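Okay, my_file.pdb is below, PDB, C-alpha atoms, pLDDT in the B column:
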MODEL        1
ATOM      1  CA  ARG A   1     -33.086   8.985   9.761  1.00 38.00           C
ATOM      2  CA  SER A   2     -30.278  11.182   8.494  1.00 41.00           C
ATOM      3  CA  ILE A   3     -27.251  11.893  10.648  1.00 44.00           C
ATOM      4  CA  GLU A   4     -27.976  15.600  10.096  1.00 44.00           C
ATOM      5  CA  THR A   5     -31.031  15.267  12.287  1.00 39.00           C
ATOM      6  CA  VAL A   6     -29.002  13.961  15.205  1.00 43.00           C
ATOM      7  CA  MET A   7     -25.848  16.063  14.774  1.00 45.00           C
ATOM      8  CA  ASP A   8     -25.403  18.712  17.392  1.00 48.00           C
ATOM      9  CA  SER A   9     -24.250  21.691  15.339  1.00 43.00           C
ATOM     10  CA  THR A  10     -22.880  23.427  18.443  1.00 50.00           C
ATOM     11  CA  SER A  11     -20.388  20.630  19.101  1.00 77.00           C
ATOM     12  CA  ARG A  12     -19.430  19.738  15.528  1.00 85.00           C
ATOM     13  CA  PRO A  13     -16.966  22.154  13.956  1.00 85.00           C
ATOM     14  CA  SER A  14     -17.592  23.428  10.458  1.00 87.00           C
ATOM     15  CA  TYR A  15     -15.157  23.320   7.555  1.00 87.00           C
ATOM     16  CA  SER A  16     -15.630  27.080   7.231  1.00 87.00           C
ATOM     17  CA  ASP A  17     -14.274  27.510  10.792  1.00 86.00           C
ATOM     18  CA  LEU A  18     -10.818  26.330   9.695  1.00 87.00           C
ATOM     19  CA  THR A  19      -8.054  28.734   8.747  1.00 87.00           C
ATOM     20  CA  SER A  20      -6.885  28.610   5.143  1.00 87.00           C
ATOM     21  CA  ASP A  21      -3.555  27.139   6.302  1.00 87.00           C
ATOM     22  CA  ARG A  22      -5.325  24.331   8.177  1.00 86.00           C
ATOM     23  CA  ARG A  23      -7.551  23.681   5.140  1.00 85.00           C
ATOM     24  CA  LYS A  24      -4.475  23.322   2.933  1.00 82.00           C
ATOM     25  CA  GLN A  25      -2.920  20.920   5.424  1.00 82.00           C
ATOM     26  CA  LEU A  26      -6.101  18.864   5.698  1.00 81.00           C
ATOM     27  CA  CYS A  27      -6.853  18.726   1.979  1.00 81.00           C
ATOM     28  CA  ASN A  28      -4.041  16.600   0.589  1.00 75.00           C
ATOM     29  CA  GLY A  29      -5.922  15.643  -2.570  1.00 80.00           C
ATOM     30  CA  VAL A  30      -7.783  12.510  -3.585  1.00 85.00           C
ATOM     31  CA  GLY A  31      -6.451   9.377  -1.953  1.00 82.00           C
ATOM     32  CA  SER A  32      -5.133   8.162   1.355  1.00 80.00           C
ATOM     33  CA  ASP A  33      -2.212   9.496   3.362  1.00 78.00           C
ATOM     34  CA  TRP A  34      -0.372   6.216   2.810  1.00 81.00           C
ATOM     35  CA  GLN A  35      -0.369   6.731  -0.971  1.00 84.00           C
ATOM     36  CA  PRO A  36       2.605   8.476  -2.569  1.00 89.00           C
ATOM     37  CA  ALA A  37       2.128  12.191  -3.233  1.00 88.00           C
ATOM     38  CA  TRP A  38       2.438  11.674  -7.003  1.00 92.00           C
ATOM     39  CA  GLN A  39      -0.491   9.218  -6.933  1.00 90.00           C
ATOM     40  CA  ARG A  40      -2.687  11.604  -4.947  1.00 87.00           C
ATOM     41  CA  LYS A  41      -1.750  14.412  -7.333  1.00 90.00           C
ATOM     42  CA  ALA A  42      -2.695  12.294 -10.376  1.00 92.00           C
ATOM     43  CA  LEU A  43      -5.991  11.175  -8.804  1.00 89.00           C
ATOM     44  CA  THR A  44      -6.805  14.755  -7.814  1.00 89.00           C
ATOM     45  CA  LYS A  45      -6.159  15.980 -11.354  1.00 90.00           C
ATOM     46  CA  LEU A  46      -8.328  13.183 -12.768  1.00 88.00           C
ATOM     47  CA  ALA A  47     -11.145  13.988 -10.339  1.00 88.00           C
ATOM     48  CA  GLY A  48     -10.906  17.676 -11.251  1.00 87.00           C
ATOM     49  CA  TRP A  49     -11.771  16.850 -14.865  1.00 86.00           C
ATOM     50  CA  PHE A  50     -15.145  15.462 -13.791  1.00 88.00           C
ATOM     51  CA  PHE A  51     -16.169  16.839 -10.426  1.00 88.00           C
ATOM     52  CA  SER A  52     -16.777  20.411  -9.286  1.00 83.00           C
ATOM     53  CA  GLU A  53     -19.291  20.309  -6.422  1.00 75.00           C
ATOM     54  CA  ALA A  54     -17.910  17.091  -4.964  1.00 75.00           C
ATOM     55  CA  SER A  55     -15.229  18.093  -2.520  1.00 81.00           C
ATOM     56  CA  TRP A  56     -12.722  15.602  -1.228  1.00 84.00           C
ATOM     57  CA  CYS A  57     -11.624  18.398   1.125  1.00 83.00           C
ATOM     58  CA  HIS A  58     -15.031  18.389   2.816  1.00 86.00           C
ATOM     59  CA  HIS A  59     -15.036  14.602   2.843  1.00 87.00           C
ATOM     60  CA  ASP A  60     -11.576  14.552   4.450  1.00 87.00           C
ATOM     61  CA  PHE A  61     -12.797  17.090   6.992  1.00 90.00           C
ATOM     62  CA  GLY A  62     -15.636  14.736   7.923  1.00 91.00           C
ATOM     63  CA  SER A  63     -13.120  11.947   8.482  1.00 90.00           C
ATOM     64  CA  VAL A  64     -10.956  14.132  10.699  1.00 90.00           C
ATOM     65  CA  VAL A  65     -13.928  15.411  12.730  1.00 92.00           C
ATOM     66  CA  GLY A  66     -15.137  11.830  12.889  1.00 90.00           C
ATOM     67  CA  HIS A  67     -17.546  10.364  15.428  1.00 93.00           C
ATOM     68  CA  THR A  68     -19.371   7.086  14.780  1.00 94.00           C
ATOM     69  CA  GLU A  69     -19.436   4.611  11.920  1.00 95.00           C
ATOM     70  CA  ALA A  70     -22.928   5.897  11.080  1.00 95.00           C
ATOM     71  CA  HIS A  71     -21.403   9.349  10.589  1.00 94.00           C
ATOM     72  CA  ARG A  72     -18.726   7.903   8.308  1.00 95.00           C
ATOM     73  CA  LEU A  73     -21.406   6.243   6.182  1.00 96.00           C
ATOM     74  CA  GLU A  74     -23.333   9.517   5.960  1.00 94.00           C
ATOM     75  CA  TYR A  75     -20.219  11.499   4.957  1.00 93.00           C
ATOM     76  CA  ASP A  76     -19.349   8.885   2.324  1.00 95.00           C
ATOM     77  CA  ARG A  77     -22.896   8.899   0.931  1.00 96.00           C
ATOM     78  CA  LYS A  78     -22.898  12.693   0.711  1.00 94.00           C
ATOM     79  CA  PHE A  79     -19.610  12.559  -1.170  1.00 92.00           C
ATOM     80  CA  LEU A  80     -21.054   9.992  -3.607  1.00 95.00           C
ATOM     81  CA  ALA A  81     -24.230  12.042  -4.101  1.00 95.00           C
ATOM     82  CA  ALA A  82     -22.197  15.175  -4.902  1.00 93.00           C
ATOM     83  CA  MET A  83     -20.032  13.255  -7.393  1.00 94.00           C
ATOM     84  CA  LEU A  84     -23.131  11.814  -9.099  1.00 95.00           C
ATOM     85  CA  ARG A  85     -24.721  15.288  -9.313  1.00 94.00           C
ATOM     86  CA  ASP A  86     -21.530  16.531 -10.959  1.00 94.00           C
ATOM     87  CA  ALA A  87     -21.570  13.575 -13.367  1.00 95.00           C
ATOM     88  CA  ASP A  88     -25.175  14.278 -14.315  1.00 95.00           C
ATOM     89  CA  ARG A  89     -24.174  17.806 -15.384  1.00 94.00           C
ATOM     90  CA  LEU A  90     -21.923  16.261 -18.042  1.00 95.00           C
ATOM     91  CA  SER A  91     -22.958  14.568 -21.252  1.00 95.00           C
ATOM     92  CA  GLY A  92     -22.148  11.496 -23.272  1.00 96.00           C
ATOM     93  CA  LEU A  93     -19.005   9.517 -22.626  1.00 96.00           C
ATOM     94  CA  LYS A  94     -17.723  12.002 -20.064  1.00 95.00           C
ATOM     95  CA  ARG A  95     -20.912  11.508 -17.996  1.00 96.00           C
ATOM     96  CA  MET A  96     -20.554   7.738 -18.126  1.00 96.00           C
ATOM     97  CA  MET A  97     -16.879   7.912 -17.118  1.00 95.00           C
ATOM     98  CA  ALA A  98     -17.655  10.316 -14.262  1.00 95.00           C
ATOM     99  CA  ARG A  99     -20.413   8.074 -12.906  1.00 96.00           C
ATOM    100  CA  GLN A 100     -18.080   5.063 -12.968  1.00 96.00           C
ATOM    101  CA  LEU A 101     -15.321   7.056 -11.295  1.00 94.00           C
ATOM    102  CA  ALA A 102     -17.775   8.249  -8.618  1.00 94.00           C
ATOM    103  CA  TRP A 103     -18.662   4.659  -7.748  1.00 97.00           C
ATOM    104  CA  ILE A 104     -14.973   3.633  -7.738  1.00 94.00           C
ATOM    105  CA  PHE A 105     -14.141   6.502  -5.371  1.00 91.00           C
ATOM    106  CA  TYR A 106     -17.134   5.626  -3.191  1.00 95.00           C
ATOM    107  CA  GLY A 107     -16.102   1.966  -3.064  1.00 95.00           C
ATOM    108  CA  SER A 108     -12.577   3.012  -2.141  1.00 92.00           C
ATOM    109  CA  VAL A 109     -13.642   5.281   0.728  1.00 92.00           C
ATOM    110  CA  ARG A 110     -15.981   2.605   2.042  1.00 95.00           C
ATOM    111  CA  ALA A 111     -13.311  -0.119   1.806  1.00 93.00           C
ATOM    112  CA  PHE A 112     -10.290   1.823   3.033  1.00 90.00           C
ATOM    113  CA  GLY A 113     -11.592   4.991   4.709  1.00 89.00           C
ATOM    114  CA  SER A 114     -12.102   3.504   8.152  1.00 88.00           C
ATOM    115  CA  LYS A 115      -8.355   3.698   8.834  1.00 88.00           C
ATOM    116  CA  SER A 116      -8.419   7.478   8.342  1.00 87.00           C
ATOM    117  CA  PHE A 117     -11.689   8.099  10.179  1.00 91.00           C
ATOM    118  CA  TYR A 118     -11.657   9.406  13.758  1.00 90.00           C
ATOM    119  CA  HIS A 119     -13.904   6.937  15.640  1.00 91.00           C
ATOM    120  CA  ALA A 120     -14.905   8.346  19.024  1.00 91.00           C
ATOM    121  CA  ASP A 121     -17.805   9.070  21.366  1.00 90.00           C
ATOM    122  CA  SER A 122     -17.927  12.651  20.099  1.00 90.00           C
ATOM    123  CA  TYR A 123     -16.642  14.865  17.321  1.00 92.00           C
ATOM    124  CA  ARG A 124     -13.198  16.393  17.448  1.00 88.00           C
ATOM    125  CA  THR A 125     -13.452  19.981  18.527  1.00 85.00           C
ATOM    126  CA  LEU A 126     -12.196  22.951  16.578  1.00 81.00           C
ATOM    127  CA  GLY A 127      -9.427  23.246  19.163  1.00 81.00           C
ATOM    128  CA  ASP A 128      -8.374  19.660  18.436  1.00 81.00           C
ATOM    129  CA  LEU A 129      -8.221  20.476  14.720  1.00 74.00           C
ATOM    130  CA  ILE A 130      -6.154  23.623  15.140  1.00 67.00           C
TER
ENDMDL
END

Please lay out the structure from this file as structure tokens.
Amino acid sequence: RSIETVMDSTSRPSYSDLTSDRRKQLCNGVGSDWQPAWQRKALTKLAGWFFSEASWCHHDFGSVVGHTEAHRLEYDRKFLAAMLRDADRLSGLKRMMARQLAWIFYGSVRAFGSKSFYHADSYRTLGDLI
């Protein structure tokens, strides 16, 4: 059963509810907060060559809103699915490279993303995010 079926949309804030300033603050590029800014910038540029639908900003938002480990898995899987859809829109070598990069990013968020994920009994509220 998908997390979507058990999410209470009235208690979970939406990315679209954020102000543009808060979105900019939240979306620091591809990578973890502990990585140097130059690394995140390079990874973000690399990802931009391959991915258009896949949004690390939305993925980061899911981590900040948080909830349970099942939610984290669902957010990570949605991120992977979006990256693979983007890869499938490409052709040849670029497609192959994008698919490999998607799996590397997915493996990274699964291995290291727990530190950045807000684990709690409920989602963070919009007020908490602002």

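Using only C-alpha atoms, the smallest distance between any of A:Phe61, A:Trp38, A:Tyr15, A:Phe79 and Tyr106 (chain A) comes from A:Phe79.
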
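Distances from A:Phe51, A:Trp34, A:Trp56, A:Phe112 to Arg85 (chain A) were compared using all atoms listed in the file, and the smallest one belongs to A:Phe51.
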
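Comparing A:Ser16, A:Ser91, A:Ser52, A:Ser63 by their smallest distance to Ser114 (chain A), the closest is A:Ser63 (using all atoms listed in the file).
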
Name the residues that the PyMOL selection byres ((chain A and resi 98) around 8) pulls out of this structure, and write them as a list in words.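 Matching residues under the PyMOL selection byres ((chain A and resi 98) around 8) are Phe50, Phe51, Met83, Leu84, Ala87, Lys94, Arg95, Met96, Met97, Arg99, Gln100, Leu101 and Ala102 of chain A.
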
Quick one: pull the distance between CA of Ala70 (chain A) and CA of His119 (chain A), Å, one decimal.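 Distance between the two atoms: 10.2 Å.
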
Just to confirm, what's the straight-line distance from CA of Arg110 (chain A) to CA of Ser20 (chain A) in Å (one decimal)? 27.7 Å

CA of Gly92 (chain A) to CA of Val109 (chain A) measures 26.2 Å

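Distances here use all atoms listed in the file; by that measure, the residue among A:Asp121, A:Asp17, A:Asp128, A:Asp88 closest to Glu69 (chain A) is A:Asp121.
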
Between A:Gly66, A:Asp60, A:Lys78, A:Ser122, single out the one closest to Asp33 (chain A), counting only C-alpha atoms.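 Looking at the shortest contact to Asp33 (chain A), the residue is A:Asp60.
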
Between A:Ala111, A:Leu90, A:Cys27, A:Ala81, which has the minimum distance to Gly62 (chain A) (counting all atoms listed in the file)?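 Of A:Ala111, A:Leu90, A:Cys27, A:Ala81, the one nearest Gly62 (chain A), counting all atoms listed in the file, is A:Cys27.
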
To box region 66-72 of chain A, take all atoms listed in the file, fit an axis-aligned box, add 4 Å on each side, and give centre and edge lengths in Å to one decimal, as lines of an AutoDock Vina configuration file.
center_x = -19.0
center_y = 8.2
center_z = 11.9
size_x = 15.8
size_y = 15.2
size_z = 15.1

Residues near Ala120 (chain A), cut-off 9 Å, only C-alpha atoms, skip fewer than 2 positions along chain, as a PyMOL selection string: chain A and resi 66-68+118+122-124

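The neighbours of Lys41 (chain A) here are the residues that come within 9 Å of it, using all atoms listed in the file and leaving out any residue fewer than 2 positions away in the same chain; they are Asn28, Gly29, Val30, Gly31, Pro36, Ala37, Trp38, Gln39, Leu43, Thr44, Lys45 and Leu46 of chain A.
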
Missing atoms in region 80-114 of chain A: can you complete it with N, CA and C atoms, as a PDB file, keeping the file's coordinate frame?
ATOM      1  N   LEU A  80     -20.570  10.688  -2.418  1.00 95.00           N
ATOM      2  CA  LEU A  80     -21.054   9.992  -3.607  1.00 95.00           C
ATOM      3  C   LEU A  80     -22.158  10.807  -4.288  1.00 95.00           C
ATOM      4  N   ALA A  81     -23.119  11.280  -3.523  1.00 95.00           N
ATOM      5  CA  ALA A  81     -24.230  12.042  -4.101  1.00 95.00           C
ATOM      6  C   ALA A  81     -23.729  13.287  -4.836  1.00 95.00           C
ATOM      7  N   ALA A  82     -22.753  13.978  -4.255  1.00 93.00           N
ATOM      8  CA  ALA A  82     -22.197  15.175  -4.902  1.00 93.00           C
ATOM      9  C   ALA A  82     -21.470  14.796  -6.195  1.00 93.00           C
ATOM     10  N   MET A  83     -20.724  13.688  -6.179  1.00 94.00           N
ATOM     11  CA  MET A  83     -20.032  13.255  -7.393  1.00 94.00           C
ATOM     12  C   MET A  83     -21.040  12.880  -8.485  1.00 94.00           C
ATOM     13  N   LEU A  84     -22.123  12.202  -8.106  1.00 95.00           N
ATOM     14  CA  LEU A  84     -23.131  11.814  -9.099  1.00 95.00           C
ATOM     15  C   LEU A  84     -23.868  13.024  -9.644  1.00 95.00           C
ATOM     16  N   ARG A  85     -24.115  14.040  -8.810  1.00 94.00           N
ATOM     17  CA  ARG A  85     -24.721  15.288  -9.313  1.00 94.00           C
ATOM     18  C   ARG A  85     -23.790  15.942 -10.327  1.00 94.00           C
ATOM     19  N   ASP A  86     -22.500  15.974 -10.010  1.00 94.00           N
ATOM     20  CA  ASP A  86     -21.530  16.531 -10.959  1.00 94.00           C
ATOM     21  C   ASP A  86     -21.541  15.737 -12.267  1.00 94.00           C
ATOM     22  N   ALA A  87     -21.561  14.415 -12.170  1.00 95.00           N
ATOM     23  CA  ALA A  87     -21.570  13.575 -13.367  1.00 95.00           C
ATOM     24  C   ALA A  87     -22.797  13.854 -14.216  1.00 95.00           C
ATOM     25  N   ASP A  88     -23.938  14.049 -13.580  1.00 95.00           N
ATOM     26  CA  ASP A  88     -25.175  14.278 -14.315  1.00 95.00           C
ATOM     27  C   ASP A  88     -25.193  15.625 -15.032  1.00 95.00           C
ATOM     28  N   ARG A  89     -24.283  16.520 -14.684  1.00 94.00           N
ATOM     29  CA  ARG A  89     -24.174  17.806 -15.384  1.00 94.00           C
ATOM     30  C   ARG A  89     -23.374  17.662 -16.684  1.00 94.00           C
ATOM     31  N   LEU A  90     -22.730  16.517 -16.849  1.00 95.00           N
ATOM     32  CA  LEU A  90     -21.923  16.261 -18.042  1.00 95.00           C
ATOM     33  C   LEU A  90     -22.777  15.533 -19.071  1.00 95.00           C
ATOM     34  N   SER A  91     -22.195  15.291 -20.235  1.00 95.00           N
ATOM     35  CA  SER A  91     -22.958  14.568 -21.252  1.00 95.00           C
ATOM     36  C   SER A  91     -22.097  13.470 -21.873  1.00 95.00           C
ATOM     37  N   GLY A  92     -22.787  12.547 -22.504  1.00 96.00           N
ATOM     38  CA  GLY A  92     -22.148  11.496 -23.272  1.00 96.00           C
ATOM     39  C   GLY A  92     -21.163  10.643 -22.506  1.00 96.00           C
ATOM     40  N   LEU A  93     -20.034  10.387 -23.177  1.00 96.00           N
ATOM     41  CA  LEU A  93     -19.005   9.517 -22.626  1.00 96.00           C
ATOM     42  C   LEU A  93     -18.428  10.085 -21.334  1.00 96.00           C
ATOM     43  N   LYS A  94     -18.281  11.393 -21.272  1.00 95.00           N
ATOM     44  CA  LYS A  94     -17.723  12.002 -20.064  1.00 95.00           C
ATOM     45  C   LYS A  94     -18.638  11.759 -18.862  1.00 95.00           C
ATOM     46  N   ARG A  95     -19.952  11.805 -19.064  1.00 96.00           N
ATOM     47  CA  ARG A  95     -20.912  11.508 -17.996  1.00 96.00           C
ATOM     48  C   ARG A  95     -20.750  10.067 -17.521  1.00 96.00           C
ATOM     49  N   MET A  96     -20.683   9.153 -18.478  1.00 96.00           N
ATOM     50  CA  MET A  96     -20.554   7.738 -18.126  1.00 96.00           C
ATOM     51  C   MET A  96     -19.258   7.489 -17.348  1.00 96.00           C
ATOM     52  N   MET A  97     -18.161   8.081 -17.802  1.00 95.00           N
ATOM     53  CA  MET A  97     -16.879   7.912 -17.118  1.00 95.00           C
ATOM     54  C   MET A  97     -16.928   8.509 -15.712  1.00 95.00           C
ATOM     55  N   ALA A  98     -17.559   9.666 -15.575  1.00 95.00           N
ATOM     56  CA  ALA A  98     -17.655  10.316 -14.262  1.00 95.00           C
ATOM     57  C   ALA A  98     -18.487   9.480 -13.302  1.00 95.00           C
ATOM     58  N   ARG A  99     -19.576   8.917 -13.778  1.00 96.00           N
ATOM     59  CA  ARG A  99     -20.413   8.074 -12.906  1.00 96.00           C
ATOM     60  C   ARG A  99     -19.633   6.839 -12.451  1.00 96.00           C
ATOM     61  N   GLN A 100     -18.889   6.228 -13.354  1.00 96.00           N
ATOM     62  CA  GLN A 100     -18.080   5.063 -12.968  1.00 96.00           C
ATOM     63  C   GLN A 100     -17.004   5.459 -11.968  1.00 96.00           C
ATOM     64  N   LEU A 101     -16.354   6.580 -12.205  1.00 94.00           N
ATOM     65  CA  LEU A 101     -15.321   7.056 -11.295  1.00 94.00           C
ATOM     66  C   LEU A 101     -15.918   7.371  -9.914  1.00 94.00           C
ATOM     67  N   ALA A 102     -17.111   7.949  -9.889  1.00 94.00           N
ATOM     68  CA  ALA A 102     -17.775   8.249  -8.618  1.00 94.00           C
ATOM     69  C   ALA A 102     -17.974   6.969  -7.803  1.00 94.00           C
ATOM     70  N   TRP A 103     -18.431   5.922  -8.458  1.00 97.00           N
ATOM     71  CA  TRP A 103     -18.662   4.659  -7.748  1.00 97.00           C
ATOM     72  C   TRP A 103     -17.349   4.008  -7.321  1.00 97.00           C
ATOM     73  N   ILE A 104     -16.296   4.160  -8.127  1.00 94.00           N
ATOM     74  CA  ILE A 104     -14.973   3.633  -7.738  1.00 94.00           C
ATOM     75  C   ILE A 104     -14.462   4.383  -6.514  1.00 94.00           C
ATOM     76  N   PHE A 105     -14.571   5.715  -6.533  1.00 91.00           N
ATOM     77  CA  PHE A 105     -14.141   6.502  -5.371  1.00 91.00           C
ATOM     78  C   PHE A 105     -14.967   6.129  -4.139  1.00 91.00           C
ATOM     79  N   TYR A 106     -16.272   5.985  -4.327  1.00 95.00           N
ATOM     80  CA  TYR A 106     -17.134   5.626  -3.191  1.00 95.00           C
ATOM     81  C   TYR A 106     -16.729   4.250  -2.632  1.00 95.00           C
ATOM     82  N   GLY A 107     -16.527   3.292  -3.514  1.00 95.00           N
ATOM     83  CA  GLY A 107     -16.102   1.966  -3.064  1.00 95.00           C
ATOM     84  C   GLY A 107     -14.774   2.021  -2.319  1.00 95.00           C
ATOM     85  N   SER A 108     -13.886   2.871  -2.790  1.00 92.00           N
ATOM     86  CA  SER A 108     -12.577   3.012  -2.141  1.00 92.00           C
ATOM     87  C   SER A 108     -12.702   3.616  -0.753  1.00 92.00           C
ATOM     88  N   VAL A 109     -13.519   4.663  -0.605  1.00 92.00           N
ATOM     89  CA  VAL A 109     -13.642   5.281   0.728  1.00 92.00           C
ATOM     90  C   VAL A 109     -14.368   4.351   1.685  1.00 92.00           C
ATOM     91  N   ARG A 110     -15.298   3.561   1.171  1.00 95.00           N
ATOM     92  CA  ARG A 110     -15.981   2.605   2.042  1.00 95.00           C
ATOM     93  C   ARG A 110     -15.010   1.486   2.458  1.00 95.00           C
ATOM     94  N   ALA A 111     -14.207   1.004   1.516  1.00 93.00           N
ATOM     95  CA  ALA A 111     -13.311  -0.119   1.806  1.00 93.00           C
ATOM     96  C   ALA A 111     -12.114   0.286   2.652  1.00 93.00           C
ATOM     97  N   PHE A 112     -11.559   1.457   2.397  1.00 90.00           N
ATOM     98  CA  PHE A 112     -10.290   1.823   3.033  1.00 90.00           C
ATOM     99  C   PHE A 112     -10.364   3.033   3.954  1.00 90.00           C
ATOM    100  N   GLY A 113     -11.495   3.734   3.963  1.00 89.00           N
ATOM    101  CA  GLY A 113     -11.592   4.991   4.709  1.00 89.00           C
ATOM    102  C   GLY A 113     -11.655   4.849   6.216  1.00 89.00           C
ATOM    103  N   SER A 114     -11.977   3.687   6.706  1.00 88.00           N
ATOM    104  CA  SER A 114     -12.102   3.504   8.152  1.00 88.00           C
ATOM    105  C   SER A 114     -10.788   3.778   8.875  1.00 88.00           C
TER     106      SER A 114
END
